[in-house]
Amino acid sequence: MFFDSHNGYQYNNKCCIERGPIMINKLDFNAKNLTSNAGIFLLLEEAKINGIFDLIENDLIFDNQSTNKIKMNHIKTMLCGHFIGIDKLDRLKLLKNDPLVKEFDISVKMPSTVSRFLCNFTYKTTQMFRDINFKVFKKLLSKSGLNSITIDIDSSVINVEGHQEGATKGYNPKKVGNRCYNIQFAFCDELKAYITGFMRSGNTYTANGAAEMIKEIVANIKTDDLEILFRMDSGYFDEEIIKTIESFNCKYLIKAKAYPTLITKVTDSQISFVEGKEGRETIELVTKLNTWDKDRRFVVSRVLKPEEDRVQLSLLQGADYQYFLFVTNTDLPPEKVVITYEKRGNAENYIKEAKYDMYVGHLILKSFWANEALFQMMMLSYNLFLLFKLDFLTITEYRQQIKTFRLKYVFLAGKIIKTARSVIMKISDKYTYREVYESVWHKRV
């Protein structure tokens with residue numbers, strides 16, 4: 001028996017068996033200067049154009065001078081890793097011999113070396129990184145031209161399997177009883193952009209640190225020309241938070257908890273709900289909880305429960321309706337208050353994108369402050385994607401998820417060629433989105 005690789009036929013003593021043509025006849029690993037992530041060029045250039053590397057160089061200062069000398073190399077390494085979506089440090093090996101990364105003067109070290117660098121972070125330096133992220137958000141906000149934004153504050157559980165520093169047993173719906181972290185996020189809904197956030201122990205109550213976060217946000221981004229609406233779920237229904245927002249003359253819309261004081265008032269037989277243009281039945285009242293200093297505006301929406309549930313116990317004993325309460329200082333009509341709150345679901349999608357596309361919570365080290373630093377770097381990368389889309393892509397593409405961006409623009413083959421006077425990156429002449437690369441190149445030069 002023998003095989004003819006030219007025409008794809010296999011012969012034996014009696015017959016010829018057709019196997020079809022073979023398209024690849026040899027596998028060779030001798031190619032030089034190839035990259036599979038040509039799109040890293042786009043994002044590194046975007047970071048340079050917007051002065052992000054200068055921000056990090058000037059605003060992130062370690063006490064140890066030797067750590068200061070190596071910080072930019074390691075942080076650029078991590079940013080490149082987040083651009084391609086690494087879920088563990090070991091994946092940095094994918095970039096170690098990438099010629100494109102080397103052309104940006106980035107020397108990718110072994111994962112253990114990068115891990116040791118990350119363990120140099122402390123509370124002080126992670127706060128510096130949070131300040132950098134505030135400044136990057138302000139760049140996004142400035143480019144957008146918005147004069148009114150909605151800020152969603154929410155939290156999310158990060159499950160851990162080991163004994164990481166600061167991880168404790170707490171509310172963990174996916175793996176009850178496991179240790180976890182709890183991350184508090186603040187997103188701008190209009191830009192789907194990360195504003196700030198931080199990691200907390202798993203047993204931290206939802207609203208803990210929210211008032212301080214609001215103070216930081218206002219101090220960093222509020223101007224006389226910018227109107228801010230803070231939107232939160234019932235976990236943040238707390239008078240301290242409300243007072244903090246009021247003290248800065250900002251707006252708030254918070255889902256209220258169904259305390260008996262409120263339930264009694266909204267189920268009074270003399271109260272008549274009004275059906276709005278969108279079909280929601282609402283009322284508004286000005287009242288307060290027993291522990292509050294003053295009255296505030298509440299909007300109540302009720303929804304008829306499914307027929308099979310009306311005979312069972314519900315939020316209101318024996319009632320046919322489910323009630324939703326909101327406290328707000330906006331001037332929105334009652335039905336519009338409800339509709340505006342319903343858009344808070346966008347923030348949950350942004351958190352999912354951070355967790356599943358940026359791998360927040362997947363790349364976990366032993367040190368708490370190393371994990372906080374990783375989180376801040378991931379969210380910096382997240383905003384860099386948005387900066388790039390705002391500068392070079394369409395409105396439709398701006399809302400697309402990061403995994404779609406990577407497939408279209410990052411995971412692209414390229415060849416780096418060096419001549420006596422220049423370095424050239426060659427990309428396929430059939431590449432669909434070449435105009436995006438050309439736009440970045442023209443802005444660069």
# chains A, B, ... in the order shown; residues from 1 in each chain; ligands from 1
$ closest_atom_pairs --of "stretch 222-261 of chain A" --to "stretch 338-348 of chain A" --cutoff "10 Å" --atoms "only C-alpha atoms" --output "JSON lines"
{"residue": "A:Arg231", "atom": "CA", "partner": "A:Arg344", "partner_atom": "CA", "distance": 7.1}
{"residue": "A:Met232", "atom": "CA", "partner": "A:Arg344", "partner_atom": "CA", "distance": 7.6}
{"residue": "A:Asp233", "atom": "CA", "partner": "A:Arg344", "partner_atom": "CA", "distance": 8.4}
{"residue": "A:Leu253", "atom": "CA", "partner": "A:Tyr341", "partner_atom": "CA", "distance": 7.0}
{"residue": "A:Ile254", "atom": "CA", "partner": "A:Tyr341", "partner_atom": "CA", "distance": 7.9}
{"residue": "A:Lys255", "atom": "CA", "partner": "A:Tyr341", "partner_atom": "CA", "distance": 8.0}
$ residues_around --residues "A:Ile271" --least-positions-apart "6" --cutoff "12 Å" --atoms "only C-alpha atoms" --output "number ranges by chain"
A: 264-265, 281-285, 300
$ atom_distance --atom1 "atom CA of A:Phe121" --atom2 "atom CA of A:Ala370"
5.8 Å
$ residues_around --residues "stretch 48-52 of chain A" --least-positions-apart "3" --cutoff "9 Å" --atoms "only C-alpha atoms" --output "short mmCIF file (atom, residue, chain, number, x, y, z; two decimals) with C-alpha atoms, in the first residue's frame"
data_model
loop_
_atom_site.label_atom_id
_atom_site.label_comp_id
_atom_site.auth_asym_id
_atom_site.auth_seq_id
_atom_site.Cartn_x
_atom_site.Cartn_y
_atom_site.Cartn_z
CA LEU A 43 -5.04 49.79 22.12
CA LEU A 44 -1.44 50.58 23.03
CA GLU A 45 -1.52 53.49 20.59
CA LEU A 55 -0.62 59.23 34.01
CA ILE A 56 0.61 55.92 35.38
CA GLU A 57 4.25 57.00 35.29
CA ILE A 132 -5.85 57.17 37.69
CA VAL A 136 -9.40 58.10 32.55
CA LYS A 139 -11.33 61.77 29.54
CA LEU A 387 -11.95 55.21 24.70
CA LYS A 443 -3.82 59.94 13.94
CA ARG A 444 -0.54 58.54 15.23
#
$ closest_atom_pairs --of "stretch 272-359 of chain A" --to "stretch 234-251 of chain A" --cutoff "9 Å" --atoms "only C-alpha atoms" --output "JSON lines"
{"residue": "A:Thr291", "atom": "CA", "partner": "A:Glu239", "partner_atom": "CA", "distance": 8.9}
{"residue": "A:Trp292", "atom": "CA", "partner": "A:Glu239", "partner_atom": "CA", "distance": 7.0}
{"residue": "A:Asp293", "atom": "CA", "partner": "A:Glu239", "partner_atom": "CA", "distance": 8.9}
{"residue": "A:Phe326", "atom": "CA", "partner": "A:Ser234", "partner_atom": "CA", "distance": 8.7}
{"residue": "A:Val327", "atom": "CA", "partner": "A:Phe237", "partner_atom": "CA", "distance": 8.4}
{"residue": "A:Thr328", "atom": "CA", "partner": "A:Lys251", "partner_atom": "CA", "distance": 7.4}
{"residue": "A:Asn329", "atom": "CA", "partner": "A:Lys251", "partner_atom": "CA", "distance": 5.9}
{"residue": "A:Thr330", "atom": "CA", "partner": "A:Lys251", "partner_atom": "CA", "distance": 6.0}
$ write_last_selection --atoms "N, CA and C atoms" --output "tab-separated table (two decimals), in the first residue's frame"
chain	number	residue	atom	x	y	z
A	291	THR	N	-37.26	56.73	61.68
A	291	THR	CA	-35.91	57.14	62.11
A	291	THR	C	-35.35	58.29	61.30
A	292	TRP	N	-36.09	58.75	60.29
A	292	TRP	CA	-35.58	59.81	59.41
A	292	TRP	C	-35.82	61.19	60.00
A	293	ASP	N	-34.99	62.14	59.55
A	293	ASP	CA	-35.10	63.51	60.03
A	293	ASP	C	-36.19	64.30	59.31
A	326	PHE	N	-39.99	53.57	45.54
A	326	PHE	CA	-38.76	54.28	45.18
A	326	PHE	C	-38.73	55.62	45.90
A	327	VAL	N	-37.57	55.99	46.40
A	327	VAL	CA	-37.40	57.31	46.98
A	327	VAL	C	-36.53	58.11	46.02
A	328	THR	N	-36.92	59.36	45.77
A	328	THR	CA	-36.21	60.17	44.78
A	328	THR	C	-36.39	61.65	45.06
A	329	ASN	N	-35.42	62.44	44.64
A	329	ASN	CA	-35.56	63.90	44.70
A	329	ASN	C	-35.60	64.50	43.30
A	330	THR	N	-35.87	63.65	42.30
A	330	THR	CA	-35.99	64.14	40.93
A	330	THR	C	-37.37	64.77	40.74
$ closest_residue --among "A:Ala193, A:Ile61, A:Val274, A:Leu34" --to "A:Phe137" --atoms "only C-alpha atoms"
A:Ala193
$ residues_around --residues "A:Met358" --least-positions-apart "3" --cutoff "12 Å" --atoms "only C-alpha atoms" --output "VMD selection string"
chain A and resid 78 to 88 350 to 355 361 to 363 374 to 385 401 to 403 406
$ closest_atom_pairs --of "stretch 53-149 of chain A" --to "stretch 206-223 of chain A" --cutoff "10 Å" --atoms "only C-alpha atoms" --output "Markdown table"
| residue | atom | partner | partner_atom | distance |
| --- | --- | --- | --- | --- |
| A:Asp131 | CA | A:Asn220 | CA | 8.4 |
| A:Phe134 | CA | A:Asn220 | CA | 6.8 |
| A:Lys135 | CA | A:Asn220 | CA | 8.0 |
| A:Phe137 | CA | A:Ile221 | CA | 8.7 |
| A:Lys138 | CA | A:Ile221 | CA | 6.7 |
| A:Leu141 | CA | A:Ile221 | CA | 9.0 |
| A:Asn147 | CA | A:Thr223 | CA | 9.3 |
$ atom_distance --atom1 "atom CA of A:Asn203" --atom2 "atom CA of A:Ala373"
20.5 Å
